[in-house]
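Colleague: So here's coords.txt (compact mmCIF, C-alpha atoms and all ligand atoms).
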```txt
# COMPACT_ATOMS: atom_id res chain seq x y z
CA MET A 5 143.40 32.83 -102.24
CA VAL A 6 140.76 34.03 -104.71
CA ASN A 7 141.16 37.68 -105.71
CA PHE A 8 138.60 40.03 -107.23
CA LEU A 9 138.64 43.50 -108.74
CA ILE A 10 135.48 45.49 -108.18
CA PHE A 11 135.41 47.95 -111.01
CA GLY A 12 133.28 50.76 -112.42
CA PRO A 13 133.02 54.53 -112.78
CA PRO A 14 132.87 56.89 -109.78
CA GLY A 15 129.53 56.41 -108.05
CA SER A 16 128.91 52.95 -109.50
CA GLY A 17 128.72 51.40 -106.02
CA LYS A 18 132.19 49.85 -105.69
CA GLY A 19 132.76 51.02 -102.12
CA THR A 20 129.17 50.30 -101.06
CA GLN A 21 129.23 46.72 -102.38
CA SER A 22 132.81 45.94 -101.33
CA VAL A 23 132.08 46.41 -97.63
CA LYS A 24 129.19 43.92 -97.78
CA LEU A 25 130.99 41.40 -100.01
CA ALA A 26 134.17 41.43 -97.90
CA GLU A 27 132.15 40.56 -94.82
CA LYS A 28 130.12 37.82 -96.48
CA PHE A 29 133.05 36.03 -98.16
CA ASN A 30 135.90 36.76 -95.66
CA LEU A 31 137.75 38.84 -98.24
CA THR A 32 140.14 41.64 -97.32
CA HIS A 33 138.75 44.89 -98.77
CA LEU A 34 141.50 47.14 -100.11
CA SER A 35 140.24 50.56 -101.23
CA THR A 36 142.92 52.97 -102.43
CA GLY A 37 140.41 55.83 -102.13
CA ASP A 38 139.86 55.02 -98.42
CA MET A 39 143.62 54.66 -97.85
CA LEU A 40 144.32 58.03 -99.46
CA ARG A 41 141.50 59.74 -97.52
CA ALA A 42 142.94 58.24 -94.29
CA GLU A 43 146.32 59.82 -95.13
CA ILE A 44 144.60 63.18 -95.67
CA ALA A 45 142.61 62.89 -92.42
CA ALA A 46 145.82 62.04 -90.51
CA GLY A 47 147.53 65.09 -91.97
CA THR A 48 150.56 63.14 -93.25
CA GLU A 49 152.98 64.62 -95.79
CA LEU A 50 151.68 62.17 -98.41
CA GLY A 51 148.08 63.13 -97.59
CA LYS A 52 148.87 66.81 -98.01
CA ARG A 53 150.43 66.19 -101.43
CA MET A 54 147.55 63.95 -102.64
CA SER A 55 144.70 66.12 -101.34
CA SER A 56 144.85 68.76 -104.09
CA ILE A 57 145.05 66.10 -106.83
CA MET A 58 142.01 64.26 -105.46
CA SER A 59 139.94 67.40 -104.94
CA LYS A 60 140.30 68.13 -108.68
CA GLY A 61 139.17 64.61 -109.56
CA GLU A 62 142.52 63.61 -111.05
CA LEU A 63 144.36 60.35 -110.38
CA VAL A 64 147.25 60.30 -107.92
CA PRO A 65 150.59 58.95 -109.29
CA ASP A 66 150.66 55.20 -109.99
CA GLU A 67 153.69 54.57 -107.75
CA VAL A 68 151.90 55.99 -104.68
CA VAL A 69 148.97 53.54 -104.83
CA ILE A 70 151.08 50.59 -106.01
CA GLU A 71 153.31 50.96 -102.94
CA MET A 72 150.28 51.23 -100.62
CA ILE A 73 148.69 48.09 -102.02
CA ALA A 74 151.93 46.03 -101.89
CA ALA A 75 152.37 46.93 -98.20
CA LYS A 76 148.78 45.89 -97.40
CA ILE A 77 149.04 42.59 -99.27
CA ASP A 78 152.17 41.68 -97.33
CA SER A 79 150.73 42.60 -93.94
CA THR A 80 147.42 40.71 -94.40
CA LYS A 81 146.97 37.14 -93.18
CA GLY A 82 144.08 34.70 -92.79
CA CYS A 83 141.55 35.80 -95.41
CA ALA A 84 140.01 33.93 -98.35
CA GLY A 85 141.35 36.51 -100.81
CA PHE A 86 141.48 40.20 -101.67
CA LEU A 87 138.78 42.50 -103.00
CA PHE A 88 140.48 45.42 -104.77
CA ASP A 89 138.20 48.48 -104.83
CA GLY A 90 139.21 51.49 -106.94
CA PHE A 91 142.54 49.85 -107.76
CA PRO A 92 143.84 49.40 -110.42
CA ARG A 93 142.81 52.62 -112.20
CA THR A 94 145.35 52.59 -115.05
CA VAL A 95 146.76 49.85 -117.26
CA ALA A 96 150.17 50.44 -115.59
CA GLN A 97 148.59 49.79 -112.16
CA THR A 98 146.99 46.62 -113.54
CA ALA A 99 150.30 45.27 -114.82
CA ALA A 100 151.94 46.13 -111.47
CA LEU A 101 149.16 44.30 -109.58
CA GLU A 102 149.45 41.23 -111.79
CA LYS A 103 153.20 41.08 -111.16
CA MET A 104 152.75 41.66 -107.43
CA LEU A 105 150.27 38.78 -107.23
CA ASN A 106 152.30 36.47 -109.53
CA ASP A 107 155.40 37.02 -107.36
CA ARG A 108 153.33 35.82 -104.40
CA LYS A 109 151.83 32.82 -106.29
CA MET A 110 148.43 34.48 -106.72
CA LYS A 111 146.41 35.99 -109.57
CA ILE A 112 143.39 38.16 -110.34
CA ASN A 113 140.57 35.61 -110.57
CA SER A 114 137.79 37.91 -111.74
CA MET A 115 137.06 41.53 -112.62
CA LEU A 116 133.48 42.46 -111.68
CA VAL A 117 132.47 45.57 -113.60
CA LEU A 118 129.46 47.57 -112.36
CA ASP A 119 127.60 49.01 -115.31
CA VAL A 120 125.75 52.28 -114.45
CA ASP A 121 124.63 55.06 -116.82
CA HIS A 122 126.06 58.58 -116.64
CA ASP A 123 122.99 60.36 -115.21
CA GLU A 124 122.59 57.84 -112.41
CA LEU A 125 126.30 58.25 -111.46
CA VAL A 126 125.97 62.03 -111.22
CA LYS A 127 122.74 61.74 -109.23
CA ARG A 128 124.33 59.38 -106.67
CA LEU A 129 127.45 61.48 -106.19
CA ILE A 130 125.52 64.73 -105.75
CA LEU A 131 123.37 62.98 -103.16
CA ARG A 132 126.44 61.62 -101.38
CA ALA A 133 128.01 65.11 -101.26
CA GLU A 134 125.30 66.13 -98.79
CA LEU A 135 126.36 63.39 -96.37
CA SER A 136 130.05 62.79 -97.02
CA GLY A 137 131.41 66.32 -97.25
CA ARG A 138 133.92 64.93 -99.78
CA PRO A 139 135.36 67.82 -101.81
CA ASP A 140 135.37 65.65 -104.96
CA ASP A 141 131.59 65.08 -104.64
CA LYS A 142 130.62 68.72 -104.02
CA ASP A 143 131.41 70.30 -107.38
CA PRO A 144 129.51 69.01 -110.47
CA ALA A 145 132.50 69.99 -112.67
CA VAL A 146 134.79 67.78 -110.57
CA ILE A 147 132.29 64.89 -110.81
CA GLU A 148 132.29 65.25 -114.62
CA ASN A 149 136.09 65.33 -114.63
CA ARG A 150 136.26 62.12 -112.55
CA ILE A 151 133.93 60.40 -115.03
CA SER A 152 136.05 61.63 -117.99
CA VAL A 153 139.27 60.49 -116.29
CA TYR A 154 137.62 57.09 -115.78
CA ARG A 155 136.64 56.81 -119.47
CA GLU A 156 140.09 57.88 -120.67
CA LYS A 157 142.51 56.25 -118.22
CA THR A 158 140.64 53.52 -116.34
CA GLU A 159 138.20 51.98 -118.81
CA PRO A 160 141.01 50.61 -121.07
CA ILE A 161 141.69 48.09 -118.27
CA ILE A 162 138.47 46.34 -119.34
CA ASN A 163 140.03 45.25 -122.64
CA TYR A 164 143.22 44.20 -120.86
CA CYS A 165 141.16 41.94 -118.55
CA ARG A 166 138.85 40.75 -121.34
CA GLU A 167 141.91 39.40 -123.16
CA ARG A 168 142.79 37.44 -120.01
CA GLY A 169 139.27 35.96 -119.77
CA ILE A 170 138.49 37.49 -116.35
CA TYR A 171 136.03 40.25 -117.37
CA GLN A 172 132.56 39.94 -115.83
CA PRO A 173 130.04 42.75 -116.45
CA VAL A 174 127.33 43.20 -113.81
CA ASN A 175 124.22 45.40 -113.97
CA GLY A 176 124.89 48.11 -111.35
CA VAL A 177 121.43 49.71 -111.43
CA GLY A 178 118.79 48.67 -108.91
CA SER A 179 118.61 48.36 -105.14
CA ILE A 180 121.83 47.86 -103.18
CA ASP A 181 120.58 44.42 -102.09
CA ASP A 182 119.73 43.32 -105.64
CA ILE A 183 123.18 44.31 -106.89
CA PHE A 184 124.77 42.60 -103.87
CA ASN A 185 122.93 39.37 -104.78
CA ARG A 186 124.11 39.62 -108.41
CA LEU A 187 127.74 40.11 -107.35
CA SER A 188 127.52 37.39 -104.69
CA GLY A 189 126.38 34.91 -107.35
CA TYR A 190 129.57 35.46 -109.36
CA ILE A 191 131.85 35.33 -106.31
CA LYS A 192 130.19 32.15 -104.97
CA ASN A 193 131.05 30.35 -108.22
CA LEU A 194 134.76 31.02 -107.77
CA ILE A 195 135.38 30.78 -104.05
P1 LIG B 201 137.30 56.35 -104.73
O1 LIG B 201 137.33 56.42 -103.25
O2 LIG B 201 137.66 55.04 -105.33
O3 LIG B 201 135.85 56.89 -105.07
P2 LIG B 201 134.72 56.70 -106.15
O4 LIG B 201 135.25 56.35 -107.50
O5 LIG B 201 133.92 57.94 -106.02
O6 LIG B 201 133.81 55.49 -105.77
P3 LIG B 201 133.19 55.04 -104.39
O7 LIG B 201 133.57 53.64 -104.22
O8 LIG B 201 133.55 55.93 -103.27
O9 LIG B 201 131.64 55.29 -104.52
P4 LIG B 201 130.47 54.25 -104.66
O10 LIG B 201 130.55 53.99 -106.12
O11 LIG B 201 130.48 53.10 -103.75
O12 LIG B 201 138.31 57.43 -105.37
C1 LIG B 201 138.36 58.79 -104.99
C2 LIG B 201 139.60 59.48 -105.58
O13 LIG B 201 140.81 58.91 -105.02
C3 LIG B 201 139.81 59.36 -107.10
O14 LIG B 201 139.07 60.32 -107.84
C4 LIG B 201 141.36 59.56 -107.19
O15 LIG B 201 141.72 60.93 -107.11
C5 LIG B 201 141.90 58.87 -105.96
N1 LIG B 201 142.28 57.45 -106.21
C6 LIG B 201 141.72 56.37 -105.59
N2 LIG B 201 142.29 55.23 -106.02
C7 LIG B 201 143.23 55.59 -106.95
C8 LIG B 201 144.13 54.85 -107.78
N3 LIG B 201 144.17 53.51 -107.74
N4 LIG B 201 144.96 55.54 -108.61
C9 LIG B 201 144.94 56.88 -108.65
N5 LIG B 201 144.10 57.65 -107.91
C10 LIG B 201 143.24 57.01 -107.06
O16 LIG B 201 129.16 55.04 -104.19
C11 LIG B 201 128.76 56.30 -104.60
C12 LIG B 201 127.41 56.69 -103.98
O17 LIG B 201 126.36 55.96 -104.58
C13 LIG B 201 127.26 56.43 -102.48
O18 LIG B 201 126.68 57.55 -101.88
C14 LIG B 201 126.35 55.23 -102.37
O19 LIG B 201 125.55 55.26 -101.21
C15 LIG B 201 125.50 55.38 -103.60
N6 LIG B 201 125.04 54.10 -104.11
C16 LIG B 201 125.75 52.97 -104.21
N7 LIG B 201 125.01 51.98 -104.75
C17 LIG B 201 123.77 52.53 -105.02
C18 LIG B 201 122.58 52.02 -105.59
N8 LIG B 201 122.45 50.75 -105.98
N9 LIG B 201 121.53 52.86 -105.72
C19 LIG B 201 121.61 54.15 -105.31
N10 LIG B 201 122.73 54.69 -104.75
C20 LIG B 201 123.80 53.88 -104.60
```
Would you mind writing the structure in this file as structure tokens?
Ligand code: B4P
Modeller:
Amino acid sequence: MVNFLIFGPPGSGKGTQSVKLAEKFNLTHLSTGDMLRAEIAAGTELGKRMSSIMSKGELVPDEVVIEMIAAKIDSTKGCAGFLFDGFPRTVAQTAALEKMLNDRKMKINSMLVLDVDHDELVKRLILRAELSGRPDDKDPAVIENRISVYREKTEPIINYCRERGIYQPVNGVGSIDDIFNRLSGYIKNLI
């Protein structure tokens, strides 16, 4: 199994690229954002508790997403590896993922970091709000909070992964197909 993190600020294209990459390389796409939104849509107790946190642009508790990911890893069979999208988002989640994978004789092979400037992120999310109806895309103040939370709590993971020699920056500006080709080039070299 070859496992990848797709990483970057909100609106950097993680979800967009993950769907295409998972299909091309037979990877299982695990998006904690999608899993949490599915809980909210199903009206579960967990979904109800997480909904107000997400609508403010804050991170849900580490243990919630760690448990979700562990369950998915154990129930997935027959893929070439995992593509983790939007997880990990804190250094604690990263350490938990490393342990989870080590316990199962796997590792994080590469962290692909989409590099996109602030104005482009805001532009994309405001545009998406018109189509998605996502409460965290609708309010510009919530978008700014999500970007600040990323800089403060999520970005430190880059150094953690750099020290492990798995950090790979990727230019995230351009057409969706161009970025897909850039990412595919890195994945092809490892799979
Ligand atoms: P996520 O679902 O992960 O949402 P996101 O950061 O907004 O990124 P997403 O993947 O959806 O967007 P993309 O960049 O593809 O998280 C949502 C919330 O869930 C978090 O704020 C948090 O509350 C919670 N959460 C999730 N995981 C968590 C965790 N591990 N721990 C704690 N809390 C967690 O795309 C954005 C837009 O850009 C799209 O409209 C797309 O069409 C467009 N786009 C993409 N590529 C483009 C390009 N090249 N050019 C132009 N537009 C492009």
Colleague: Using CA of Asp89 in chain A and CA of Arg53 in chain A as the two end points, give the distance in Å to one decimal.
Modeller: 21.8 Å
Colleague: For ligand LIG 201 (chain B), list the contacting residues at 7 Å or closer, counting all atoms listed in the file, as a PyMOL selection string.
Modeller: chain A and resi 13-21+35-38+40+57-58+61-66+69+89-93+128-129+131-132+150+176-180+183
Colleague: Include C-alpha atoms and write out the residues we just selected as a PDB file, in the coordinates of the input.
Modeller:
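Listing of part_23.pdb after writing:
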```pdb
ATOM      1  CA  PRO A  13     133.020  54.530-112.780  1.00  0.00           C
ATOM      2  CA  PRO A  14     132.870  56.890-109.780  1.00  0.00           C
ATOM      3  CA  GLY A  15     129.530  56.410-108.050  1.00  0.00           C
ATOM      4  CA  SER A  16     128.910  52.950-109.500  1.00  0.00           C
ATOM      5  CA  GLY A  17     128.720  51.400-106.020  1.00  0.00           C
ATOM      6  CA  LYS A  18     132.190  49.850-105.690  1.00  0.00           C
ATOM      7  CA  GLY A  19     132.760  51.020-102.120  1.00  0.00           C
ATOM      8  CA  THR A  20     129.170  50.300-101.060  1.00  0.00           C
ATOM      9  CA  GLN A  21     129.230  46.720-102.380  1.00  0.00           C
ATOM     10  CA  SER A  35     140.240  50.560-101.230  1.00  0.00           C
ATOM     11  CA  THR A  36     142.920  52.970-102.430  1.00  0.00           C
ATOM     12  CA  GLY A  37     140.410  55.830-102.130  1.00  0.00           C
ATOM     13  CA  ASP A  38     139.860  55.020 -98.420  1.00  0.00           C
ATOM     14  CA  LEU A  40     144.320  58.030 -99.460  1.00  0.00           C
ATOM     15  CA  ILE A  57     145.050  66.100-106.830  1.00  0.00           C
ATOM     16  CA  MET A  58     142.010  64.260-105.460  1.00  0.00           C
ATOM     17  CA  GLY A  61     139.170  64.610-109.560  1.00  0.00           C
ATOM     18  CA  GLU A  62     142.520  63.610-111.050  1.00  0.00           C
ATOM     19  CA  LEU A  63     144.360  60.350-110.380  1.00  0.00           C
ATOM     20  CA  VAL A  64     147.250  60.300-107.920  1.00  0.00           C
ATOM     21  CA  PRO A  65     150.590  58.950-109.290  1.00  0.00           C
ATOM     22  CA  ASP A  66     150.660  55.200-109.990  1.00  0.00           C
ATOM     23  CA  VAL A  69     148.970  53.540-104.830  1.00  0.00           C
ATOM     24  CA  ASP A  89     138.200  48.480-104.830  1.00  0.00           C
ATOM     25  CA  GLY A  90     139.210  51.490-106.940  1.00  0.00           C
ATOM     26  CA  PHE A  91     142.540  49.850-107.760  1.00  0.00           C
ATOM     27  CA  PRO A  92     143.840  49.400-110.420  1.00  0.00           C
ATOM     28  CA  ARG A  93     142.810  52.620-112.200  1.00  0.00           C
ATOM     29  CA  ARG A 128     124.330  59.380-106.670  1.00  0.00           C
ATOM     30  CA  LEU A 129     127.450  61.480-106.190  1.00  0.00           C
ATOM     31  CA  LEU A 131     123.370  62.980-103.160  1.00  0.00           C
ATOM     32  CA  ARG A 132     126.440  61.620-101.380  1.00  0.00           C
ATOM     33  CA  ARG A 150     136.260  62.120-112.550  1.00  0.00           C
ATOM     34  CA  GLY A 176     124.890  48.110-111.350  1.00  0.00           C
ATOM     35  CA  VAL A 177     121.430  49.710-111.430  1.00  0.00           C
ATOM     36  CA  GLY A 178     118.790  48.670-108.910  1.00  0.00           C
ATOM     37  CA  SER A 179     118.610  48.360-105.140  1.00  0.00           C
ATOM     38  CA  ILE A 180     121.830  47.860-103.180  1.00  0.00           C
ATOM     39  CA  ILE A 183     123.180  44.310-106.890  1.00  0.00           C
TER      40      ILE A 183
END
```
Colleague: Using all atoms listed in the file, pick whichever of A:Lys60, A:Asp119, A:Gly12, A:Asn106 has the shortest atom-to-atom distance to Asp143 in chain A.
Modeller: A:Lys60
Colleague: Enumerate, as a PyMOL selection string, the protein, DNA and RNA residues whose atoms approach (140.8, 43.3, -100.2) to within 6 Å, taking into account only C-alpha atoms and the coordinate frame of the file.
Modeller: chain A and resi 31-34+86-88
Colleague: Work out how far CA of His122 in chain A is from CA of Glu167 in chain A, in Å to one decimal.
Modeller: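 CA of Glu167 in chain A sits 25.7 Å away from CA of His122 in chain A.
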Colleague: Leaving out Lys109 in chain A and any residue of its chain fewer than 4 positions from it, which residues lie within 12 Å of it when counting all atoms listed in the file, given as a ChimeraX atom specification?
Modeller: /A:5-7,102-105
Colleague: Just how far from CA of Ile151 in chain A is CA of Gly189 in chain A, in Å to one decimal?
Modeller: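 Atom-to-atom, CA of Gly189 in chain A and CA of Ile151 in chain A are spaced 27.7 Å apart.
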Colleague: Using all atoms listed in the file for the distances, tell me which of A:Glu67, A:Glu27, A:Glu124, A:Asp78 is nearest to Thr94 in chain A.
Modeller: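 Of all the options, A:Glu67 lies closest to Thr94 in chain A.
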Colleague: Adding 4 Å on each side of the box along x, y and z that holds all listed atoms of range 63-76 of chain A, could you give its centre and edge lengths in Å to one decimal, as JSON?
Modeller:
```
{"center_x": 149.0, "center_y": 53.1, "center_z": -103.9, "size_x": 17.3, "size_y": 22.5, "size_z": 21.0}
```
Colleague: Let me make sure I understand: among A:Arg186, A:Gly85, A:Thr158, A:Arg138, which one has the smallest atom-to-atom distance to Ser55 in chain A if we use all atoms listed in the file?
Modeller: A:Arg138
Colleague: When distances are computed from only C-alpha atoms, which of A:Phe11, A:Ser152, A:Gly82, A:Ala99 shows the smallest separation from Pro173 in chain A?
Modeller: A:Phe11
Colleague: Which residue gives the smallest distance to Arg166 in chain A among A:Val117, A:Leu187, A:Ala74, A:Ile147, with only C-alpha atoms counted?
Modeller: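 Going through A:Val117, A:Leu187, A:Ala74, A:Ile147 one by one, the smallest distance to Arg166 in chain A is for A:Val117.
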Colleague: So that I can see what lies close to Leu116 in chain A, please list as a list in words the residues with an atom at most 7 Å from it, counting only C-alpha atoms and leaving out residues fewer than 3 positions away in the same chain.
Modeller: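 Residues meeting the cut-off are Leu9, Ile10, Phe11, Tyr171, Gln172, Pro173 and Val174 of chain A.
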Colleague: Add whatever atoms are absent from range 20-46 of chain A to reach N, CA, C and O atoms, and provide the output as a PDB file, in the frame of the given file.
Modeller:
```pdb
ATOM      1  N   THR A  20     130.394  50.778-101.733  1.00  0.00           N
ATOM      2  CA  THR A  20     129.170  50.300-101.060  1.00  0.00           C
ATOM      3  C   THR A  20     129.116  48.769-101.074  1.00  0.00           C
ATOM      4  O   THR A  20     128.887  48.123-100.051  1.00  0.00           O
ATOM      5  N   GLN A  21     129.341  48.185-102.246  1.00  0.00           N
ATOM      6  CA  GLN A  21     129.230  46.720-102.380  1.00  0.00           C
ATOM      7  C   GLN A  21     130.423  46.007-101.749  1.00  0.00           C
ATOM      8  O   GLN A  21     130.271  44.916-101.193  1.00  0.00           O
ATOM      9  N   SER A  22     131.598  46.617-101.833  1.00  0.00           N
ATOM     10  CA  SER A  22     132.810  45.940-101.330  1.00  0.00           C
ATOM     11  C   SER A  22     132.707  45.635 -99.834  1.00  0.00           C
ATOM     12  O   SER A  22     133.118  44.561 -99.389  1.00  0.00           O
ATOM     13  N   VAL A  23     132.177  46.604 -99.083  1.00  0.00           N
ATOM     14  CA  VAL A  23     132.080  46.410 -97.630  1.00  0.00           C
ATOM     15  C   VAL A  23     131.225  45.170 -97.331  1.00  0.00           C
ATOM     16  O   VAL A  23     131.594  44.315 -96.521  1.00  0.00           O
ATOM     17  N   LYS A  24     130.102  45.040 -98.027  1.00  0.00           N
ATOM     18  CA  LYS A  24     129.190  43.920 -97.780  1.00  0.00           C
ATOM     19  C   LYS A  24     129.786  42.599 -98.270  1.00  0.00           C
ATOM     20  O   LYS A  24     129.683  41.570 -97.608  1.00  0.00           O
ATOM     21  N   LEU A  25     130.430  42.634 -99.442  1.00  0.00           N
ATOM     22  CA  LEU A  25     130.990  41.400-100.010  1.00  0.00           C
ATOM     23  C   LEU A  25     132.166  40.891 -99.173  1.00  0.00           C
ATOM     24  O   LEU A  25     132.322  39.684 -98.963  1.00  0.00           O
ATOM     25  N   ALA A  26     132.991  41.823 -98.701  1.00  0.00           N
ATOM     26  CA  ALA A  26     134.170  41.430 -97.900  1.00  0.00           C
ATOM     27  C   ALA A  26     133.705  40.690 -96.658  1.00  0.00           C
ATOM     28  O   ALA A  26     134.273  39.658 -96.285  1.00  0.00           O
ATOM     29  N   GLU A  27     132.640  41.194 -96.039  1.00  0.00           N
ATOM     30  CA  GLU A  27     132.150  40.560 -94.820  1.00  0.00           C
ATOM     31  C   GLU A  27     131.568  39.177 -95.114  1.00  0.00           C
ATOM     32  O   GLU A  27     131.886  38.200 -94.467  1.00  0.00           O
ATOM     33  N   LYS A  28     130.776  39.089 -96.165  1.00  0.00           N
ATOM     34  CA  LYS A  28     130.120  37.820 -96.480  1.00  0.00           C
ATOM     35  C   LYS A  28     131.112  36.717 -96.856  1.00  0.00           C
ATOM     36  O   LYS A  28     130.937  35.562 -96.486  1.00  0.00           O
ATOM     37  N   PHE A  29     132.166  37.069 -97.614  1.00  0.00           N
ATOM     38  CA  PHE A  29     133.050  36.030 -98.160  1.00  0.00           C
ATOM     39  C   PHE A  29     134.441  35.998 -97.488  1.00  0.00           C
ATOM     40  O   PHE A  29     135.346  35.337 -98.000  1.00  0.00           O
ATOM     41  N   ASN A  30     134.608  36.702 -96.359  1.00  0.00           N
ATOM     42  CA  ASN A  30     135.900  36.760 -95.660  1.00  0.00           C
ATOM     43  C   ASN A  30     137.026  37.217 -96.587  1.00  0.00           C
ATOM     44  O   ASN A  30     138.113  36.640 -96.621  1.00  0.00           O
ATOM     45  N   LEU A  31     136.726  38.252 -97.368  1.00  0.00           N
ATOM     46  CA  LEU A  31     137.750  38.840 -98.240  1.00  0.00           C
ATOM     47  C   LEU A  31     138.316  40.087 -97.565  1.00  0.00           C
ATOM     48  O   LEU A  31     137.608  40.758 -96.806  1.00  0.00           O
ATOM     49  N   THR A  32     139.570  40.381 -97.824  1.00  0.00           N
ATOM     50  CA  THR A  32     140.140  41.640 -97.320  1.00  0.00           C
ATOM     51  C   THR A  32     139.859  42.729 -98.350  1.00  0.00           C
ATOM     52  O   THR A  32     140.255  42.617 -99.508  1.00  0.00           O
ATOM     53  N   HIS A  33     139.166  43.781 -97.890  1.00  0.00           N
ATOM     54  CA  HIS A  33     138.750  44.890 -98.770  1.00  0.00           C
ATOM     55  C   HIS A  33     139.864  45.926 -98.809  1.00  0.00           C
ATOM     56  O   HIS A  33     140.199  46.515 -97.781  1.00  0.00           O
ATOM     57  N   LEU A  34     140.450  46.129 -99.973  1.00  0.00           N
ATOM     58  CA  LEU A  34     141.500  47.140-100.110  1.00  0.00           C
ATOM     59  C   LEU A  34     141.015  48.247-101.031  1.00  0.00           C
ATOM     60  O   LEU A  34     140.887  48.053-102.243  1.00  0.00           O
ATOM     61  N   SER A  35     140.713  49.408-100.454  1.00  0.00           N
ATOM     62  CA  SER A  35     140.240  50.560-101.230  1.00  0.00           C
ATOM     63  C   SER A  35     141.328  51.639-101.215  1.00  0.00           C
ATOM     64  O   SER A  35     141.645  52.186-100.150  1.00  0.00           O
ATOM     65  N   THR A  36     141.882  51.931-102.388  1.00  0.00           N
ATOM     66  CA  THR A  36     142.920  52.970-102.430  1.00  0.00           C
ATOM     67  C   THR A  36     142.325  54.339-102.109  1.00  0.00           C
ATOM     68  O   THR A  36     143.000  55.177-101.511  1.00  0.00           O
ATOM     69  N   GLY A  37     141.064  54.565-102.480  1.00  0.00           N
ATOM     70  CA  GLY A  37     140.410  55.830-102.130  1.00  0.00           C
ATOM     71  C   GLY A  37     140.352  56.005-100.609  1.00  0.00           C
ATOM     72  O   GLY A  37     140.718  57.058-100.078  1.00  0.00           O
ATOM     73  N   ASP A  38     139.925  54.943 -99.899  1.00  0.00           N
ATOM     74  CA  ASP A  38     139.860  55.020 -98.420  1.00  0.00           C
ATOM     75  C   ASP A  38     141.256  55.231 -97.835  1.00  0.00           C
ATOM     76  O   ASP A  38     141.432  55.990 -96.880  1.00  0.00           O
ATOM     77  N   MET A  39     142.247  54.525 -98.397  1.00  0.00           N
ATOM     78  CA  MET A  39     143.620  54.660 -97.850  1.00  0.00           C
ATOM     79  C   MET A  39     144.133  56.087 -98.024  1.00  0.00           C
ATOM     80  O   MET A  39     144.737  56.660 -97.127  1.00  0.00           O
ATOM     81  N   LEU A  40     143.850  56.660 -99.200  1.00  0.00           N
ATOM     82  CA  LEU A  40     144.320  58.030 -99.460  1.00  0.00           C
ATOM     83  C   LEU A  40     143.574  59.030 -98.562  1.00  0.00           C
ATOM     84  O   LEU A  40     144.178  59.945 -98.009  1.00  0.00           O
ATOM     85  N   ARG A  41     142.258  58.823 -98.396  1.00  0.00           N
ATOM     86  CA  ARG A  41     141.500  59.740 -97.520  1.00  0.00           C
ATOM     87  C   ARG A  41     141.975  59.620 -96.068  1.00  0.00           C
ATOM     88  O   ARG A  41     141.997  60.601 -95.337  1.00  0.00           O
ATOM     89  N   ALA A  42     142.414  58.412 -95.658  1.00  0.00           N
ATOM     90  CA  ALA A  42     142.940  58.240 -94.290  1.00  0.00           C
ATOM     91  C   ALA A  42     144.246  59.024 -94.131  1.00  0.00           C
ATOM     92  O   ALA A  42     144.502  59.624 -93.081  1.00  0.00           O
ATOM     93  N   GLU A  43     145.066  59.040 -95.180  1.00  0.00           N
ATOM     94  CA  GLU A  43     146.320  59.820 -95.130  1.00  0.00           C
ATOM     95  C   GLU A  43     146.002  61.315 -94.990  1.00  0.00           C
ATOM     96  O   GLU A  43     146.651  62.032 -94.236  1.00  0.00           O
ATOM     97  N   ILE A  44     144.967  61.755 -95.732  1.00  0.00           N
ATOM     98  CA  ILE A  44     144.600  63.180 -95.670  1.00  0.00           C
ATOM     99  C   ILE A  44     144.070  63.519 -94.272  1.00  0.00           C
ATOM    100  O   ILE A  44     144.483  64.506 -93.662  1.00  0.00           O
ATOM    101  N   ALA A  45     143.202  62.629 -93.747  1.00  0.00           N
ATOM    102  CA  ALA A  45     142.610  62.890 -92.420  1.00  0.00           C
ATOM    103  C   ALA A  45     143.692  62.913 -91.340  1.00  0.00           C
ATOM    104  O   ALA A  45     143.601  63.678 -90.378  1.00  0.00           O
ATOM    105  N   ALA A  46     144.745  62.092 -91.517  1.00  0.00           N
ATOM    106  CA  ALA A  46     145.820  62.040 -90.510  1.00  0.00           C
ATOM    107  C   ALA A  46     146.816  63.180 -90.686  1.00  0.00           C
ATOM    108  O   ALA A  46     147.728  63.338 -89.868  1.00  0.00           O
TER     109      ALA A  46
END
```
